[in-house]
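For reference, model-v9.cif is printed below; it contains mmCIF, N, CA, C and O atoms.
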data_target
#
loop_
_atom_site.label_atom_id
_atom_site.label_comp_id
_atom_site.auth_asym_id
_atom_site.auth_seq_id
_atom_site.Cartn_x
_atom_site.Cartn_y
_atom_site.Cartn_z
N MET A 1 129.64 154.28 117.97
CA MET A 1 130.45 153.12 118.29
C MET A 1 131.39 153.51 119.44
O MET A 1 131.98 154.57 119.45
N SER A 2 131.53 152.62 120.40
CA SER A 2 132.34 152.94 121.57
C SER A 2 133.84 152.93 121.22
O SER A 2 134.26 152.30 120.25
N ALA A 3 134.59 153.60 122.05
CA ALA A 3 136.05 153.66 121.85
C ALA A 3 136.66 152.27 121.94
O ALA A 3 137.58 151.94 121.19
N ALA A 4 136.14 151.43 122.84
CA ALA A 4 136.68 150.08 122.99
C ALA A 4 136.46 149.26 121.72
O ALA A 4 137.36 148.54 121.29
N VAL A 5 135.29 149.38 121.12
CA VAL A 5 135.01 148.66 119.88
C VAL A 5 135.89 149.18 118.76
O VAL A 5 136.45 148.40 117.98
N THR A 6 136.04 150.49 118.67
CA THR A 6 136.90 151.08 117.65
C THR A 6 138.34 150.62 117.82
O THR A 6 139.01 150.27 116.85
N ASP A 7 138.83 150.61 119.06
CA ASP A 7 140.19 150.15 119.33
C ASP A 7 140.37 148.69 118.93
O ASP A 7 141.40 148.32 118.37
N LEU A 8 139.38 147.86 119.22
CA LEU A 8 139.46 146.44 118.86
C LEU A 8 139.48 146.27 117.35
O LEU A 8 140.26 145.47 116.81
N ARG A 9 138.64 147.02 116.65
CA ARG A 9 138.62 146.94 115.19
C ARG A 9 139.96 147.39 114.61
O ARG A 9 140.47 146.79 113.64
N LEU A 10 140.54 148.44 115.18
CA LEU A 10 141.85 148.91 114.72
C LEU A 10 142.91 147.84 114.94
O LEU A 10 143.70 147.55 114.04
N ARG A 11 142.92 147.24 116.12
CA ARG A 11 143.90 146.20 116.43
C ARG A 11 143.75 144.99 115.51
O ARG A 11 144.73 144.48 114.96
N ARG A 12 142.53 144.55 115.31
CA ARG A 12 142.30 143.39 114.43
C ARG A 12 142.69 143.70 112.99
O ARG A 12 143.28 142.87 112.31
N GLY A 13 142.36 144.89 112.54
CA GLY A 13 142.75 145.28 111.19
C GLY A 13 144.27 145.36 111.04
O GLY A 13 144.82 144.90 110.03
N ALA A 14 144.93 145.90 112.05
CA ALA A 14 146.40 145.99 112.02
C ALA A 14 147.03 144.60 112.02
O ALA A 14 147.99 144.35 111.29
N GLU A 15 146.48 143.70 112.82
CA GLU A 15 147.01 142.33 112.86
C GLU A 15 146.88 141.68 111.49
O GLU A 15 147.80 141.00 111.02
N HIS A 16 145.75 141.88 110.83
CA HIS A 16 145.55 141.29 109.50
C HIS A 16 146.54 141.86 108.49
O HIS A 16 147.17 141.11 107.73
N VAL A 17 146.70 143.19 108.48
CA VAL A 17 147.64 143.81 107.54
C VAL A 17 149.06 143.32 107.81
O VAL A 17 149.81 143.04 106.86
N CYS A 18 149.43 143.16 109.06
CA CYS A 18 150.77 142.66 109.39
C CYS A 18 150.98 141.25 108.84
O CYS A 18 152.07 140.92 108.36
N ARG A 19 149.95 140.43 108.90
CA ARG A 19 150.07 139.07 108.35
C ARG A 19 150.25 139.10 106.84
O ARG A 19 150.83 138.18 106.27
N LEU A 20 149.76 140.14 106.18
CA LEU A 20 149.92 140.26 104.73
C LEU A 20 151.35 140.62 104.34
O LEU A 20 151.74 140.44 103.20
N GLY A 21 152.10 141.16 105.29
CA GLY A 21 153.51 141.44 105.05
C GLY A 21 153.83 142.93 104.91
O GLY A 21 152.94 143.78 104.87
N PRO A 22 155.13 143.21 104.84
CA PRO A 22 155.60 144.59 104.81
C PRO A 22 155.11 145.39 103.60
O PRO A 22 154.88 146.60 103.70
N CYS A 23 154.95 144.75 102.47
CA CYS A 23 154.50 145.47 101.27
C CYS A 23 153.09 146.02 101.48
O CYS A 23 152.81 147.17 101.14
N ALA A 24 152.21 145.19 102.02
CA ALA A 24 150.83 145.62 102.25
C ALA A 24 150.80 146.74 103.29
O ALA A 24 150.05 147.72 103.13
N LEU A 25 151.60 146.63 104.31
CA LEU A 25 151.65 147.68 105.33
C LEU A 25 152.15 148.99 104.74
O LEU A 25 151.58 150.06 104.99
N ALA A 26 153.19 148.92 103.92
CA ALA A 26 153.73 150.12 103.27
C ALA A 26 152.68 150.76 102.37
O ALA A 26 152.53 151.99 102.35
N GLU A 27 151.93 149.95 101.63
CA GLU A 27 150.88 150.47 100.76
C GLU A 27 149.79 151.17 101.57
O GLU A 27 149.32 152.25 101.20
N LEU A 28 149.39 150.57 102.68
CA LEU A 28 148.37 151.17 103.54
C LEU A 28 148.85 152.51 104.09
O LEU A 28 148.13 153.51 104.04
N LEU A 29 150.06 152.54 104.61
CA LEU A 29 150.60 153.78 105.17
C LEU A 29 150.74 154.86 104.10
O LEU A 29 150.44 156.03 104.36
N ALA A 30 151.17 154.48 102.92
CA ALA A 30 151.30 155.44 101.82
C ALA A 30 149.92 155.99 101.43
O ALA A 30 149.77 157.20 101.20
N GLU A 31 148.92 155.12 101.40
CA GLU A 31 147.57 155.55 101.05
C GLU A 31 147.01 156.51 102.08
O GLU A 31 146.48 157.58 101.73
N VAL A 32 147.13 156.17 103.34
CA VAL A 32 146.63 157.05 104.41
C VAL A 32 147.39 158.38 104.40
O VAL A 32 146.79 159.45 104.52
N GLY A 33 148.71 158.30 104.25
CA GLY A 33 149.51 159.52 104.21
C GLY A 33 149.11 160.43 103.06
O GLY A 33 148.98 161.65 103.24
N ALA A 34 148.88 159.86 101.89
CA ALA A 34 148.49 160.65 100.73
C ALA A 34 147.09 161.23 100.89
O ALA A 34 146.86 162.41 100.57
N GLN A 35 146.16 160.43 101.39
CA GLN A 35 144.78 160.90 101.53
C GLN A 35 144.65 162.06 102.51
O GLN A 35 143.78 162.91 102.36
N HIS A 36 145.52 162.08 103.51
CA HIS A 36 145.40 163.09 104.56
C HIS A 36 146.53 164.13 104.51
O HIS A 36 146.63 164.96 105.41
N GLY A 37 147.37 164.05 103.48
CA GLY A 37 148.44 165.03 103.34
C GLY A 37 149.47 164.96 104.47
O GLY A 37 150.01 165.98 104.87
N ILE A 38 149.73 163.74 104.97
CA ILE A 38 150.65 163.57 106.10
C ILE A 38 151.77 162.59 105.79
O ILE A 38 152.30 161.93 106.69
N HIS A 39 152.16 162.53 104.53
CA HIS A 39 153.21 161.59 104.12
C HIS A 39 154.47 161.76 104.96
O HIS A 39 155.04 160.78 105.45
N ASP A 40 154.93 163.00 105.11
CA ASP A 40 156.17 163.24 105.87
C ASP A 40 156.03 162.80 107.33
O ASP A 40 156.96 162.25 107.91
N GLU A 41 154.86 163.02 107.92
CA GLU A 41 154.63 162.60 109.30
C GLU A 41 154.67 161.09 109.43
O GLU A 41 155.20 160.54 110.40
N VAL A 42 154.10 160.39 108.44
CA VAL A 42 154.13 158.92 108.45
C VAL A 42 155.58 158.44 108.37
O VAL A 42 155.99 157.54 109.11
N VAL A 43 156.36 159.04 107.50
CA VAL A 43 157.76 158.65 107.36
C VAL A 43 158.52 158.91 108.67
O VAL A 43 159.32 158.07 109.10
N ARG A 44 158.26 160.04 109.32
CA ARG A 44 158.92 160.32 110.61
C ARG A 44 158.50 159.32 111.68
O ARG A 44 159.33 158.86 112.47
N ALA A 45 157.22 158.96 111.71
CA ALA A 45 156.75 157.98 112.69
C ALA A 45 157.42 156.63 112.45
O ALA A 45 157.83 155.95 113.40
N LEU A 46 157.55 156.24 111.19
CA LEU A 46 158.22 154.98 110.88
C LEU A 46 159.68 155.02 111.32
O LEU A 46 160.21 154.03 111.85
N ALA A 47 160.34 156.14 111.14
CA ALA A 47 161.73 156.28 111.58
C ALA A 47 161.83 156.11 113.09
O ALA A 47 162.76 155.47 113.59
N ALA A 48 160.87 156.66 113.81
CA ALA A 48 160.86 156.51 115.27
C ALA A 48 160.67 155.05 115.66
O ALA A 48 161.35 154.54 116.57
N TYR A 49 159.78 154.35 114.98
CA TYR A 49 159.53 152.95 115.29
C TYR A 49 160.73 152.07 114.93
O TYR A 49 160.91 151.00 115.52
N GLN A 50 161.55 152.50 113.99
CA GLN A 50 162.74 151.72 113.63
C GLN A 50 163.75 151.68 114.77
O GLN A 50 164.61 150.81 114.80
N ARG A 51 163.63 152.60 115.72
CA ARG A 51 164.53 152.60 116.88
C ARG A 51 164.05 151.64 117.97
O ARG A 51 164.77 151.40 118.93
N VAL A 52 162.84 151.13 117.84
CA VAL A 52 162.28 150.21 118.83
C VAL A 52 162.70 148.78 118.50
O VAL A 52 162.63 148.36 117.34
N THR A 53 163.15 148.06 119.51
CA THR A 53 163.55 146.66 119.32
C THR A 53 162.51 145.73 119.98
O THR A 53 161.78 146.16 120.88
N PRO A 54 162.48 144.47 119.56
CA PRO A 54 161.58 143.52 120.22
C PRO A 54 161.86 143.43 121.74
O PRO A 54 160.93 143.32 122.53
N GLY A 55 163.12 143.53 122.11
CA GLY A 55 163.47 143.50 123.54
C GLY A 55 162.87 144.67 124.30
O GLY A 55 162.42 144.50 125.44
N MET A 56 162.84 145.81 123.68
CA MET A 56 162.25 146.98 124.31
C MET A 56 160.75 146.76 124.54
O MET A 56 160.22 147.14 125.58
N LEU A 57 160.09 146.17 123.55
CA LEU A 57 158.66 145.91 123.70
C LEU A 57 158.38 144.90 124.79
O LEU A 57 157.43 145.05 125.56
N ARG A 58 159.21 143.87 124.87
CA ARG A 58 159.03 142.86 125.94
C ARG A 58 159.21 143.50 127.31
O ARG A 58 158.50 143.16 128.26
N ALA A 59 160.14 144.43 127.44
CA ALA A 59 160.42 145.07 128.72
C ALA A 59 159.29 146.01 129.13
O ALA A 59 159.08 146.25 130.32
N ALA A 60 158.59 146.54 128.14
CA ALA A 60 157.53 147.52 128.45
C ALA A 60 156.31 146.83 128.89
O ALA A 60 155.55 146.38 129.22
#

Represent the supplied structure as structure tokens.
Amino acid sequence: MSAAVTDLRLRRGAEHVCRLGPCALAELLAEVGAQHGIHDEVVRALAAYQRVTPGMLRAA
């Protein structure tokens, strides 16, 4: 499968999970973190994203 197709599938899946709400997103992140032994890394990444504002995204 090409990288472009994989990226599109990732984006569409992320959009769907976001529509399900924060609880579903938290469950997904917890599951991935647990399956791959990267819980602390997921928590650190979330902390970094908490510093991003909608205005920052619009400017980028």

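Atom O of A:Gly33 to atom CA of A:Pro54 spans 27.9 Å [interatomic distance, one decimal].
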
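Picture a line from atom O of A:Gly37 to atom C of A:Leu25; it runs 17.1 Å.
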
message: I want to know what sits within 9 Å of stretch 42-51 of chain A, based on only C-alpha atoms, with residues of the same chain fewer than 6 positions away left out; could you give that as JSON, numbers by chain?
response: {"A": [29, 30, 32, 33]}

Please give the centre and size of the box around stretch 45-56 of chain A (axis-aligned, containing every atom listed in the file, 6 Å added per side), with values in Å to one decimal and written as JSON.
{"center_x": 160.8, "center_y": 151.1, "center_z": 118.2, "size_x": 20.0, "size_y": 27.6, "size_z": 26.7}

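Note that the spacing between atom N of A:Ala4 and atom N of A:His16 amounts to 18.1 Å.
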
- request: Write out as a PyMOL selection string all residues of chain A that backbone DSSP assigns to helix (DSSP H, G or I).
  value: chain A and resi 3-20+22-36+39-49+54-59
